[in-house]
Each structure stands twice: as C-alpha cells, then as structure tokens.
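> protein02.txt is reproduced in full below (compact mmCIF, C-alpha atoms).
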# COMPACT_ATOMS: atom_id res chain seq x y z
CA MET H 1 18.81 -1.61 0.38
CA LYS H 2 16.52 -3.22 -2.19
CA ILE H 3 14.26 -6.03 -1.00
CA ALA H 4 12.26 -8.55 -3.00
CA ALA H 5 9.62 -10.33 -0.93
CA LEU H 6 7.80 -13.52 -1.92
CA ALA H 7 4.31 -13.53 -0.47
CA GLY H 8 0.89 -15.12 -0.38
CA GLY H 9 -1.95 -15.17 2.12
CA VAL H 10 -2.63 -13.02 5.17
CA GLY H 11 0.75 -13.49 6.90
CA GLY H 12 2.61 -12.69 3.71
CA ALA H 13 0.52 -9.58 3.10
CA ARG H 14 1.05 -8.33 6.64
CA LEU H 15 4.83 -8.69 6.52
CA ALA H 16 4.93 -7.09 3.05
CA HIS H 17 3.09 -4.14 4.60
CA GLY H 18 5.56 -4.07 7.49
CA LEU H 19 8.53 -4.13 5.11
CA SER H 20 6.98 -1.33 3.06
CA MET H 21 6.45 0.83 6.13
CA GLY H 22 9.91 0.01 7.46
CA LEU H 23 11.57 1.00 4.20
CA ALA H 24 9.48 4.18 4.08
CA LEU H 25 10.90 5.14 7.50
CA SER H 26 14.52 4.60 6.44
CA GLY H 27 14.41 5.40 2.75
CA SER H 28 11.75 4.59 0.22
CA ALA H 29 8.99 1.99 -0.02
CA ALA H 30 9.81 1.91 -3.74
CA ASP H 31 12.85 -0.19 -2.77
CA LEU H 32 10.44 -3.08 -2.09
CA SER H 33 9.13 -5.46 -4.75
CA VAL H 34 6.50 -8.00 -3.67
CA ILE H 35 6.24 -11.09 -5.87
CA VAL H 36 2.89 -12.73 -5.26
CA ASN H 37 1.53 -16.26 -5.60
CA ILE H 38 -1.14 -16.74 -8.29
CA GLY H 39 -1.79 -20.44 -7.64
CA ASP H 40 -4.97 -19.53 -5.73
CA ASP H 41 -6.48 -17.67 -8.72
CA PHE H 42 -9.71 -19.07 -10.15
CA GLU H 43 -12.95 -18.24 -12.01
CA HIS H 44 -16.12 -17.51 -10.05
CA TYR H 45 -19.35 -16.13 -11.52
CA GLY H 46 -17.35 -15.73 -14.72
CA LEU H 47 -14.89 -13.37 -13.03
CA ARG H 48 -11.15 -13.79 -12.52
CA ILE H 49 -10.48 -13.84 -8.78
CA CYS H 50 -6.90 -13.39 -7.51
CA PRO H 51 -7.14 -13.86 -3.73
CA ASP H 52 -3.46 -13.49 -2.81
CA LEU H 53 -2.85 -10.54 -5.12
CA ASP H 54 -5.89 -8.77 -3.72
CA THR H 55 -5.01 -9.54 -0.09
CA VAL H 56 -1.51 -8.15 -0.61
CA CYS H 57 -2.76 -5.05 -2.46
CA TYR H 58 -5.61 -4.27 -0.08
CA THR H 59 -3.27 -4.64 2.89
CA LEU H 60 -0.58 -2.41 1.36
CA ALA H 61 -3.21 0.18 0.43
CA GLY H 62 -4.66 0.23 3.96
CA ILE H 63 -8.12 -0.80 2.72
CA GLY H 64 -8.06 -4.45 3.80
CA SER H 65 -10.33 -5.86 6.48
CA PRO H 66 -8.54 -5.81 9.86
CA GLN H 67 -10.95 -8.44 11.19
CA THR H 68 -10.38 -11.18 8.59
CA GLY H 69 -7.04 -10.16 7.04
CA TRP H 70 -8.59 -10.66 3.60
CA GLY H 71 -11.25 -8.73 1.67
CA ARG H 72 -12.10 -5.05 1.99
CA GLN H 73 -12.78 -3.09 5.16
CA ASP H 74 -16.39 -2.01 5.84
CA GLU H 75 -17.55 -4.51 3.23
CA SER H 76 -21.16 -5.32 2.37
CA TYR H 77 -22.53 -8.39 0.57
CA ARG H 78 -25.78 -7.30 -1.09
CA ALA H 79 -24.81 -8.51 -4.58
CA ALA H 80 -23.70 -11.91 -3.27
CA GLU H 81 -26.85 -12.29 -1.20
CA ALA H 82 -29.03 -11.41 -4.19
CA ALA H 83 -27.22 -13.94 -6.40
CA GLU H 84 -27.43 -16.64 -3.75
CA LYS H 85 -31.18 -16.08 -3.41
CA LEU H 86 -31.50 -16.82 -7.11
CA GLY H 87 -29.59 -20.09 -6.74
CA GLY H 88 -26.01 -18.89 -7.27
CA PRO H 89 -23.10 -20.63 -5.52
CA ALA H 90 -22.73 -19.45 -1.92
CA TRP H 91 -19.46 -21.14 -0.92
CA PHE H 92 -17.23 -18.22 -2.01
CA ARG H 93 -18.74 -14.83 -1.18
CA LEU H 94 -17.62 -11.70 -3.00
CA GLY H 95 -18.07 -8.39 -1.20
CA ASP H 96 -19.62 -5.47 -3.06
CA ALA H 97 -16.47 -3.29 -3.10
CA ASP H 98 -14.31 -6.35 -3.80
CA LEU H 99 -16.58 -7.17 -6.73
CA GLY H 100 -15.51 -3.94 -8.42
CA THR H 101 -11.90 -5.17 -8.46
CA HIS H 102 -12.86 -8.47 -10.09
CA LEU H 103 -15.15 -6.85 -12.64
CA GLU H 104 -12.49 -4.42 -13.85
CA ARG H 105 -9.72 -7.03 -13.80
CA THR H 106 -11.83 -9.47 -15.83
CA ARG H 107 -12.83 -6.78 -18.33
CA ARG H 108 -9.22 -5.83 -18.94
CA LEU H 109 -8.01 -9.43 -19.14
CA ARG H 110 -10.63 -10.08 -21.85
CA GLU H 111 -9.32 -7.05 -23.73
CA GLY H 112 -5.88 -8.65 -23.73
CA HIS H 113 -4.13 -6.72 -20.96
CA PRO H 114 -1.61 -8.81 -18.96
CA LEU H 115 -2.28 -9.40 -15.27
CA SER H 116 1.00 -7.69 -14.32
CA GLN H 117 0.01 -4.43 -16.03
CA ILE H 118 -3.49 -4.53 -14.56
CA THR H 119 -2.00 -5.06 -11.10
CA ALA H 120 0.41 -2.13 -11.57
CA ASP H 121 -2.45 0.14 -12.62
CA PHE H 122 -4.58 -0.95 -9.65
CA CYS H 123 -1.65 -0.27 -7.29
CA ALA H 124 -1.26 3.22 -8.73
CA ALA H 125 -4.98 3.89 -8.25
CA TRP H 126 -4.78 2.66 -4.63
CA GLY H 127 -1.67 4.72 -3.86
CA ILE H 128 0.66 1.77 -3.25
CA SER H 129 4.29 2.93 -3.34
CA CYS H 130 6.09 -0.40 -3.66
CA ARG H 131 5.98 -2.67 -6.70
CA VAL H 132 3.55 -5.61 -6.62
CA LEU H 133 4.13 -8.32 -9.21
CA PRO H 134 2.15 -11.50 -9.91
CA VAL H 135 4.79 -14.16 -10.41
CA SER H 136 3.47 -14.89 -13.92
CA ASP H 137 0.96 -13.52 -16.41
CA GLN H 138 -0.02 -17.09 -17.30
CA PRO H 139 -2.37 -19.05 -15.01
CA VAL H 140 -0.51 -21.59 -12.84
CA PRO H 141 -3.30 -23.07 -10.69
CA THR H 142 -2.42 -25.04 -7.59
CA MET H 143 -4.01 -28.48 -7.51
CA VAL H 144 -4.20 -30.21 -4.13
CA LEU H 145 -3.81 -33.99 -4.22
CA THR H 146 -6.04 -35.44 -1.50
CA GLU H 147 -7.52 -38.73 -0.40
CA ASP H 148 -10.72 -37.51 -2.08
CA GLY H 149 -8.91 -36.95 -5.37
CA GLU H 150 -7.32 -33.90 -6.98
CA LEU H 151 -8.96 -30.60 -6.02
CA PRO H 152 -8.43 -27.04 -7.27
CA PHE H 153 -7.02 -25.00 -4.40
CA GLN H 154 -10.13 -22.91 -3.65
CA GLU H 155 -12.30 -26.04 -3.73
CA TYR H 156 -10.01 -27.57 -1.09
CA PHE H 157 -9.41 -24.39 0.93
CA VAL H 158 -12.79 -22.64 0.98
CA HIS H 159 -15.47 -25.05 -0.27
CA ARG H 160 -14.11 -28.12 1.55
CA GLN H 161 -12.61 -26.04 4.41
CA CYS H 162 -9.25 -27.89 4.23
CA GLN H 163 -10.88 -31.10 5.47
CA PRO H 164 -9.61 -33.64 2.90
CA VAL H 165 -6.31 -35.26 3.88
CA VAL H 166 -3.47 -33.88 1.75
CA LYS H 167 -1.15 -36.17 -0.19
CA GLY H 168 0.72 -33.65 -2.37
CA PHE H 169 0.49 -30.68 -4.70
CA ARG H 170 0.71 -29.96 -8.42
CA PHE H 171 1.20 -26.58 -10.09
CA GLU H 172 -0.60 -26.93 -13.39
CA GLY H 173 1.16 -25.35 -16.34
CA ALA H 174 4.14 -24.19 -14.28
CA ALA H 175 6.73 -25.71 -16.62
CA GLN H 176 5.27 -23.81 -19.58
CA SER H 177 4.86 -20.50 -17.72
CA GLN H 178 7.17 -17.49 -17.76
CA PRO H 179 7.91 -14.96 -15.02
CA ALA H 180 5.85 -11.81 -15.42
CA PRO H 181 7.71 -8.71 -16.64
CA GLY H 182 9.71 -7.27 -13.76
CA VAL H 183 9.92 -10.45 -11.66
CA LEU H 184 13.44 -11.55 -12.60
CA GLU H 185 14.53 -7.91 -12.66
CA ALA H 186 13.28 -7.45 -9.09
CA LEU H 187 15.09 -10.59 -7.93
CA ASN H 188 18.31 -9.68 -9.71
CA GLU H 189 18.30 -6.13 -8.33
CA ALA H 190 17.46 -7.14 -4.77
CA ASP H 191 20.15 -7.06 -2.12
CA VAL H 192 18.19 -9.64 -0.11
CA VAL H 193 15.14 -11.77 -0.92
CA VAL H 194 12.64 -12.34 1.91
CA PHE H 195 10.25 -15.28 2.07
CA CYS H 196 7.29 -13.92 4.04
CA PRO H 197 5.56 -16.09 6.68
CA SER H 198 3.37 -17.67 4.02
CA ASN H 199 2.43 -21.32 3.56
CA PRO H 200 5.53 -23.01 2.07
CA TRP H 201 3.48 -25.59 0.17
CA VAL H 202 0.80 -23.46 -1.49
CA SER H 203 2.05 -19.86 -1.30
CA ILE H 204 5.83 -19.96 -1.81
CA ASP H 205 6.32 -23.22 -3.73
CA PRO H 206 4.01 -22.10 -6.59
CA ILE H 207 6.23 -19.02 -7.01
CA LEU H 208 9.39 -21.16 -6.99
CA ALA H 209 7.83 -23.46 -9.62
CA VAL H 210 7.83 -20.74 -12.29
CA PRO H 211 10.92 -21.25 -14.49
CA GLY H 212 13.76 -18.84 -13.77
CA VAL H 213 12.70 -17.88 -10.25
CA ARG H 214 14.68 -20.49 -8.33
CA GLY H 215 17.73 -19.87 -10.50
CA ALA H 216 17.61 -16.15 -9.73
CA LEU H 217 17.27 -16.91 -6.01
CA SER H 218 20.36 -19.13 -6.06
CA ARG H 219 22.43 -16.00 -6.71
CA LYS H 220 20.95 -13.99 -3.82
CA PRO H 221 20.92 -14.17 -0.03
CA VAL H 222 17.51 -15.41 1.06
CA ALA H 223 15.94 -14.87 4.49
CA ALA H 224 12.73 -16.69 5.42
CA VAL H 225 10.28 -15.98 8.23
CA SER H 226 8.62 -19.07 9.68
CA PRO H 227 4.80 -19.20 9.50
CA ILE H 228 4.81 -21.99 12.10
CA ILE H 229 5.13 -21.13 15.78
CA SER H 230 5.45 -23.92 18.35
CA GLY H 231 4.07 -26.43 15.85
CA LYS H 232 1.03 -24.33 14.91
CA THR H 233 0.08 -21.66 12.39
CA VAL H 234 -1.62 -18.39 13.23
CA LYS H 235 -3.78 -18.71 10.10
CA GLY H 236 -4.14 -21.28 7.37
CA PRO H 237 -3.53 -25.03 6.98
CA ALA H 238 0.29 -25.18 6.72
CA ALA H 239 0.75 -27.16 9.96
CA LYS H 240 -2.06 -29.55 8.97
CA MET H 241 -0.44 -30.07 5.57
CA TYR H 242 2.95 -30.85 7.11
CA ALA H 243 1.41 -33.37 9.49
CA GLU H 244 -0.63 -35.11 6.77
CA LEU H 245 2.49 -35.38 4.60
CA GLY H 246 4.25 -37.18 7.44
CA ILE H 247 6.40 -34.25 8.59
CA ALA H 248 6.17 -32.93 12.14
CA PRO H 249 5.08 -29.28 11.76
CA SER H 250 7.71 -26.94 13.18
CA ALA H 251 9.87 -23.95 12.37
CA LEU H 252 12.67 -26.46 11.79
CA ALA H 253 10.56 -28.21 9.13
CA VAL H 254 9.99 -24.88 7.39
CA ALA H 255 13.71 -24.12 7.38
CA ARG H 256 14.43 -27.60 6.01
CA HIS H 257 11.85 -26.96 3.26
CA TYR H 258 13.91 -23.97 2.04
CA ARG H 259 17.33 -25.19 3.19
CA ASP H 260 19.07 -25.17 -0.21
CA LEU H 261 18.20 -21.48 -0.67
CA LEU H 262 18.57 -20.04 2.84
CA ALA H 263 21.18 -17.63 4.14
CA GLY H 264 19.07 -16.57 7.11
CA PHE H 265 16.00 -17.69 9.04
CA ILE H 266 13.71 -15.86 11.46
CA LEU H 267 11.68 -17.87 13.95
CA ASP H 268 9.57 -17.04 16.94
CA ARG H 269 11.12 -16.90 20.42
CA MET H 270 8.97 -19.90 21.31
CA ASP H 271 11.12 -21.93 18.90
CA GLU H 272 14.57 -20.90 20.13
CA CYS H 273 15.33 -24.58 20.75
CA TYR H 274 16.04 -24.94 17.02
CA ILE H 275 18.69 -22.21 16.81
CA GLU H 276 21.65 -24.48 17.53
CA GLU H 277 20.73 -27.03 14.85
CA LEU H 278 19.98 -24.34 12.25
CA SER H 279 23.29 -22.67 13.00
CA ARG H 280 25.05 -25.97 12.30
CA TRP H 281 23.51 -25.84 8.82
CA GLY H 282 25.40 -22.60 8.23
CA ILE H 283 22.23 -20.50 8.44
CA ILE H 284 22.16 -17.21 10.33
CA VAL H 285 19.23 -17.34 12.77
CA ASN H 286 17.25 -14.68 14.58
CA ALA H 287 14.54 -15.26 17.19
CA THR H 288 11.90 -12.62 17.78
CA GLN H 289 8.15 -12.21 18.19
CA THR H 290 6.82 -13.11 14.75
CA ILE H 291 3.12 -12.55 15.48
CA MET H 292 2.11 -9.16 14.06
CA ALA H 293 -0.53 -7.46 16.21
CA GLY H 294 -1.96 -4.48 14.33
CA ALA H 295 -0.02 -1.92 12.31
CA GLU H 296 2.50 -1.53 15.14
CA GLY H 297 3.30 -5.23 15.04
CA ARG H 298 3.80 -5.15 11.27
CA ILE H 299 6.15 -2.16 11.47
CA ARG H 300 8.08 -3.75 14.34
CA LEU H 301 8.60 -7.07 12.55
CA GLY H 302 9.21 -5.36 9.21
CA CYS H 303 11.98 -3.23 10.72
CA GLU H 304 13.48 -6.26 12.49
CA VAL H 305 13.52 -8.21 9.24
CA LEU H 306 15.23 -5.30 7.47
CA GLU H 307 17.89 -5.11 10.20
CA PHE H 308 18.36 -8.87 9.90
CA CYS H 309 18.84 -8.49 6.13
CA LYS H 310 21.58 -5.92 6.80
CA ALA H 311 23.22 -8.36 9.22
CA ILE H 312 23.21 -11.08 6.55
CA LEU H 313 24.83 -8.72 4.05
CA ASN H 314 27.46 -7.68 6.58
CA ALA H 315 28.23 -11.29 7.43
CA GLN H 316 28.68 -12.12 3.77
CA LYS H 317 31.01 -9.16 3.27
CA GLU H 318 33.10 -10.24 6.27
CA SER H 319 33.29 -13.83 4.99
CA THR H 320 34.66 -12.66 1.63
CA ALA H 321 37.00 -9.99 3.02
Have the structure of the file written as structure tokens, please.


Amino acid sequence: MKIAALAGGVGGARLAHGLSMGLALSGSAADLSVIVNIGDDFEHYGLRICPDLDTVCYTLAGIGSPQTGWGRQDESYRAAEAAEKLGGPAWFRLGDADLGTHLERTRRLREGHPLSQITADFCAAWGISCRVLPVSDQPVPTMVLTEDGELPFQEYFVHRQCQPVVKGFRFEGAAQSQPAPGVLEALNEADVVVFCPSNPWVSIDPILAVPGVRGALSRKPVAAVSPIISGKTVKGPAAKMYAELGIAPSALAVARHYRDLLAGFILDRMDECYIEELSRWGIIVNATQTIMAGAEGRIRLGCEVLEFCKAILNAQKESTA
C-alpha cells in the first residue's frame, strides 16, 4: 500500500514518523511520500529557513528534539548568542547544528539547485527511507491577516507569539507556483492520501493552494487526522484561529474544513460525539487515542492509520462490486 501524507508542524512530523515506522514493519518505508508545507519558510540572517521541512526531516531521521518537537536534539546556541550580543535579532534562535542545515541549503539554493533536490540529498545523508517532498520549489509564503495588519507567518507565530487576532490567510504566489517534481506523481501513485494532524489553516491549506494538488486529491481517497481534541490543540494555534474566525474549534470543524475531499476521518475518543453526524456525511470515521506519546505512540497511531486506510480501500471495493 502506497501512502502520500500531507504534513506540517510537530503533529504532522510525528505522524509521518509513525507512518514510516508502521510501513517499515509491514513492508517498506519507501512506500511513504511526505509532502510538506513551505508556507512557513523565510529568510533570517540571510539564510533560507524551512521550519516544517526541517521538523519533518529531523523527526524522520531520529535527530529531532524530543523536548520541543522542533529543532535538533542536544542542541547548543553559541552562534546565536554571539550574534545576539552584537545586536542581531533574538526573536528566532538558530541552534548550532541546525545552522549547518540552513548554511548548506542556502549555499545550494544560490548555486541554482531546486529545494526538492536539496531536500532529497539531505534525506539521503540523514538515512531517511521515505520520500520527503516540499510541495513546491517556488516560495509560497503564508501571510496572516490580522487586526494589526498583514504579517508574514513567522512574524505572527514566533515574533508576535500568535497574539494578534486572526482575520484570514493569504498564500503569496500560490497561483503562479508549480508542484515540485515528484509531488503529483506521489499523489497519483498513492492508494490513500493522509492529512496529518497539522493545522488546517497554515499547514495543509498552503499545500492545497498549489495548482494541481487539489485536483490530484479529488481522484484519491483521503483520510484526515484531527489536530483538535475536545476543542483544543496539543500544540500550535489552530483552535485559536478557528475561534477568531468565528468557528467553534472542534474535530467536527476540522472535518468540515476538508469535507469535499474526505473519504475517512480519524478523531480522538474524546470526540466520539461527532461520529454520528460525520457518518451522515458519508465519511468513514474511526475514534482512537490521537495523542502520540513518544516513539511508541507514533508507531501505534501510525499503524492504526494504516489499518484505517486499508478499511477505506476495502469499503470502496465493496461499494463498487
């Protein structure tokens, strides 16, 4: 079974890792392609930073920080501290090992290498077995529309700590962008596409905004995992964004966000009250523990998602028999 997963952020990276390990147990992690949000990417100290790509890659490689979910394990910050002492910006801190990633990525981008090829080479160096694909080789920055004006995503998320009230989102340059090499191929070859428990507004929607992606998804069964549990998120501002946009944050709201694409939906057992309504929409629903505690939790949920994908495929076969 081939799986294409759409991911961004810590929750997305953790489920991608769980899917990779689950596929490795039953076949091959190479049957997984992870298509990653690039809307968070930005320039800092003259370097190209790709937070979601790096979080996904570090997690898959087993070198991510278990404490934060982002950045490198056993990280130090001597370079950042030295720069800050000289008056450099301190709101986004780059770790010393992490800095090596950004230096080499930026060097290769300036030499004309596409982001997708750089990412593939980094994955090979880190020993990652599955395929990791930025959704596009062109920048498609997420702009957050707030009561304080339009803010680049990292300005809103890190510098302003998600405090400004959100009014909407814009994905700059999306209409002119193209899917990176391998993205449409991965979607077309997938038996099932999985939306990881990532922020629908700023992790999954920027991927869907790239021309060709939504069209490819319309031809595939899609299963989404809710990032909202009992009205709250484990990490990130998704619930806050829903509330500020006038939508009660819930697993039901997440399912409604993706409704035109969904064949299946996985929510936490705390949200079983929504199963009946989701079933009326014609969506196959599964309730489980969606919080992933440690590597064991990732493998458990990854394997459950894979079994759910098989159930969706079987249900579709029975409906057409």

> May I ask which of the residues H:Val225, H:Ala295, H:Ala5, H:Leu109 is the closest one to Val135 (chain H), counting only C-alpha atoms?

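Using only C-alpha atoms, Val135 (chain H) sits closest to H:Ala5.
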
> At what distance in Å, to one decimal, does CA of Asn188 (chain H) lie from CA of Pro139 (chain H)?

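Computed distance, CA of Pro139 (chain H) to CA of Asn188 (chain H), equals 23.3 Å.
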
> Skipping near chain neighbours, those fewer than 2 positions away, what residues fall within 12 Å of Leu217 (chain H) using only C-alpha atoms, listed as a ChimeraX atom specification?

/H:4-6,183-195,207-208,210-215,219-223,258,260-263

> Quick check, in Å to one decimal: how far apart do CA of Glu172 (chain H) and CA of Val140 (chain H) lie?

5.4 Å

> Give me, as JSON lines, each residue of region 120-188 of chain H that comes within 7 Å of region 16-31 of chain H, together with its shortest interatomic pair and the distance in Å at one decimal, counting only C-alpha atoms, with rows ordered by chain and rising residue number.


{"residue": "H:Ser129", "atom": "CA", "partner": "H:Ala30", "partner_atom": "CA", "distance": 5.6}
{"residue": "H:Cys130", "atom": "CA", "partner": "H:Ala30", "partner_atom": "CA", "distance": 4.4}
{"residue": "H:Arg131", "atom": "CA", "partner": "H:Ala30", "partner_atom": "CA", "distance": 6.7}

> Restricting the calculation to only C-alpha atoms: of H:Asn314, H:Thr101, H:Ser279, H:Ser203, which residue gets closest to Gly39 (chain H)?

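Of the candidates, the smallest distance to Gly39 (chain H) is held by H:Ser203.
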
> Using Å and a single decimal, report how far CA of Thr233 (chain H) sits from CA of Ile49 (chain H).

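Distance between the two atoms: 24.9 Å.
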
> List as a ChimeraX atom specification the protein and nucleic acid residues near region 116-121 of chain H, meaning an atom at most 12 Å away when all atoms listed in the file are counted, but skip any in the same chain fewer than 3 places from it.

/H:33-36,38,50,52-54,56-58,101-102,104-113,124-139,179-183

> May I have the residues within 8 Å of Met143 (chain H) as number ranges by chain, using only C-alpha atoms and disregarding those fewer than 6 positions away in the same chain?

H: 150-153, 169-172

> If you count all atoms listed in the file, which residues fall within 9 Å of Ala255 (chain H), apart from same-chain ones fewer than 4 positions away, as number ranges by chain?

H: 224-226, 250-251, 259, 262, 265, 278

> Quick one: residues within 12 Å of Glu81 (chain H), only C-alpha atoms, excluding same-chain residues fewer than 2 positions away - as a PyMOL selection string?

chain H and resi 76-79+83-96

> In the coordinate frame of the file, compute which residues have an atom within 6 Å of (13.4, -14.0, 16.9) when using only C-alpha atoms, and state them as a CSV table (one decimal) with C-alpha atoms, in the frame of the given file.


chain,number,residue,atom,x,y,z
H,266,ILE,CA,13.7,-15.9,11.5
H,267,LEU,CA,11.7,-17.9,14.0
H,268,ASP,CA,9.6,-17.0,16.9
H,269,ARG,CA,11.1,-16.9,20.4
H,286,ASN,CA,17.2,-14.7,14.6
H,287,ALA,CA,14.5,-15.3,17.2
H,288,THR,CA,11.9,-12.6,17.8
H,289,GLN,CA,8.2,-12.2,18.2

> Can you tell me, as number ranges by chain, which residues sit within 10 Å of (3.6, -21.2, 9.9) in the file's frame, using all atoms listed in the file?

H: 11, 197-200, 225-239, 249-251, 253-254, 267, 290

> Here is a test: counting all atoms listed in the file, which residue of H:Trp201, H:Gln316, H:Gly294, H:Ala82 is nearest to Pro66 (chain H)?

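Residue with the minimum atom-to-atom distance to Pro66 (chain H): H:Gly294.
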
> From the list H:Val285, H:Leu252, H:Ala61, H:Cys123, which residue is nearest Val305 (chain H) when using all atoms listed in the file?

H:Val285

> Missing atoms in region 63-95 of chain H should be modelled up to N, CA and C atoms and reported as a JSON list (two decimals), in the frame of the given file.


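Written file, result.json:
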[["chain", "number", "residue", "atom", "x", "y", "z"],
["H", 63, "ILE", "N", -6.67, -0.67, 2.90],
["H", 63, "ILE", "CA", -8.12, -0.80, 2.72],
["H", 63, "ILE", "C", -8.59, -2.23, 2.99],
["H", 64, "GLY", "N", -7.68, -3.08, 3.49],
["H", 64, "GLY", "CA", -8.06, -4.45, 3.80],
["H", 64, "GLY", "C", -8.83, -4.54, 5.11],
["H", 65, "SER", "N", -9.55, -5.64, 5.26],
["H", 65, "SER", "CA", -10.33, -5.86, 6.48],
["H", 65, "SER", "C", -9.41, -6.23, 7.64],
["H", 66, "PRO", "N", -9.39, -5.46, 8.71],
["H", 66, "PRO", "CA", -8.54, -5.81, 9.86],
["H", 66, "PRO", "C", -9.08, -7.03, 10.62],
["H", 67, "GLN", "N", -10.36, -7.31, 10.46],
["H", 67, "GLN", "CA", -10.95, -8.44, 11.19],
["H", 67, "GLN", "C", -10.55, -9.78, 10.57],
["H", 68, "THR", "N", -10.64, -9.90, 9.25],
["H", 68, "THR", "CA", -10.38, -11.18, 8.59],
["H", 68, "THR", "C", -8.95, -11.28, 8.06],
["H", 69, "GLY", "N", -8.34, -10.14, 7.71],
["H", 69, "GLY", "CA", -7.04, -10.16, 7.04],
["H", 69, "GLY", "C", -7.17, -10.25, 5.54],
["H", 70, "TRP", "N", -8.33, -10.61, 5.03],
["H", 70, "TRP", "CA", -8.59, -10.66, 3.60],
["H", 70, "TRP", "C", -9.86, -9.87, 3.30],
["H", 71, "GLY", "N", -10.08, -9.52, 2.03],
["H", 71, "GLY", "CA", -11.25, -8.73, 1.67],
["H", 71, "GLY", "C", -11.08, -7.27, 2.03],
["H", 72, "ARG", "N", -12.13, -6.49, 1.79],
["H", 72, "ARG", "CA", -12.10, -5.05, 1.99],
["H", 72, "ARG", "C", -12.70, -4.69, 3.35],
["H", 73, "GLN", "N", -12.21, -3.59, 3.91],
["H", 73, "GLN", "CA", -12.78, -3.09, 5.16],
["H", 73, "GLN", "C", -14.17, -2.51, 4.91],
["H", 74, "ASP", "N", -15.02, -2.56, 5.92],
["H", 74, "ASP", "CA", -16.39, -2.01, 5.84],
["H", 74, "ASP", "C", -17.14, -2.58, 4.65],
["H", 75, "GLU", "N", -16.96, -3.88, 4.40],
["H", 75, "GLU", "CA", -17.55, -4.51, 3.23],
["H", 75, "GLU", "C", -19.02, -4.83, 3.45],
["H", 76, "SER", "N", -19.78, -4.86, 2.36],
["H", 76, "SER", "CA", -21.16, -5.32, 2.37],
["H", 76, "SER", "C", -21.29, -6.44, 1.34],
["H", 77, "TYR", "N", -22.39, -7.19, 1.41],
["H", 77, "TYR", "CA", -22.53, -8.39, 0.57],
["H", 77, "TYR", "C", -23.90, -8.45, -0.11],
["H", 78, "ARG", "N", -24.44, -7.31, -0.50],
["H", 78, "ARG", "CA", -25.78, -7.30, -1.09],
["H", 78, "ARG", "C", -25.82, -8.02, -2.43],
["H", 79, "ALA", "N", -24.81, -7.84, -3.27],
["H", 79, "ALA", "CA", -24.81, -8.51, -4.58],
["H", 79, "ALA", "C", -24.71, -10.02, -4.40],
["H", 80, "ALA", "N", -23.84, -10.47, -3.50],
["H", 80, "ALA", "CA", -23.70, -11.91, -3.27],
["H", 80, "ALA", "C", -24.99, -12.50, -2.72],
["H", 81, "GLU", "N", -25.61, -11.79, -1.79],
["H", 81, "GLU", "CA", -26.85, -12.29, -1.20],
["H", 81, "GLU", "C", -27.96, -12.37, -2.24],
["H", 82, "ALA", "N", -28.01, -11.39, -3.14],
["H", 82, "ALA", "CA", -29.03, -11.41, -4.19],
["H", 82, "ALA", "C", -28.80, -12.57, -5.14],
["H", 83, "ALA", "N", -27.53, -12.83, -5.50],
["H", 83, "ALA", "CA", -27.22, -13.94, -6.40],
["H", 83, "ALA", "C", -27.52, -15.28, -5.75],
["H", 84, "GLU", "N", -27.19, -15.39, -4.46],
["H", 84, "GLU", "CA", -27.43, -16.64, -3.75],
["H", 84, "GLU", "C", -28.93, -16.94, -3.65],
["H", 85, "LYS", "N", -29.73, -15.89, -3.50],
["H", 85, "LYS", "CA", -31.18, -16.08, -3.41],
["H", 85, "LYS", "C", -31.74, -16.64, -4.71],
["H", 86, "LEU", "N", -31.07, -16.34, -5.80],
["H", 86, "LEU", "CA", -31.50, -16.82, -7.11],
["H", 86, "LEU", "C", -30.89, -18.17, -7.46],
["H", 87, "GLY", "N", -30.15, -18.76, -6.52],
["H", 87, "GLY", "CA", -29.59, -20.09, -6.74],
["H", 87, "GLY", "C", -28.11, -20.11, -7.06],
["H", 88, "GLY", "N", -27.44, -18.96, -6.99],
["H", 88, "GLY", "CA", -26.01, -18.89, -7.27],
["H", 88, "GLY", "C", -25.19, -19.56, -6.19],
["H", 89, "PRO", "N", -23.96, -19.96, -6.51],
["H", 89, "PRO", "CA", -23.10, -20.63, -5.52],
["H", 89, "PRO", "C", -22.78, -19.72, -4.35],
["H", 90, "ALA", "N", -22.90, -20.26, -3.13],
["H", 90, "ALA", "CA", -22.73, -19.45, -1.92],
["H", 90, "ALA", "C", -21.43, -19.76, -1.18],
["H", 91, "TRP", "N", -20.63, -20.70, -1.68],
["H", 91, "TRP", "CA", -19.46, -21.14, -0.92],
["H", 91, "TRP", "C", -18.31, -20.14, -0.95],
["H", 92, "PHE", "N", -18.26, -19.26, -1.95],
["H", 92, "PHE", "CA", -17.23, -18.22, -2.01],
["H", 92, "PHE", "C", -17.95, -16.89, -2.21],
["H", 93, "ARG", "N", -17.96, -16.07, -1.15],
["H", 93, "ARG", "CA", -18.74, -14.83, -1.18],
["H", 93, "ARG", "C", -17.86, -13.66, -1.57],
["H", 94, "LEU", "N", -18.32, -12.91, -2.54],
["H", 94, "LEU", "CA", -17.62, -11.70, -3.00],
["H", 94, "LEU", "C", -18.30, -10.48, -2.40],
["H", 95, "GLY", "N", -17.53, -9.63, -1.73],
["H", 95, "GLY", "CA", -18.07, -8.39, -1.20],
["H", 95, "GLY", "C", -18.36, -7.41, -2.32]]
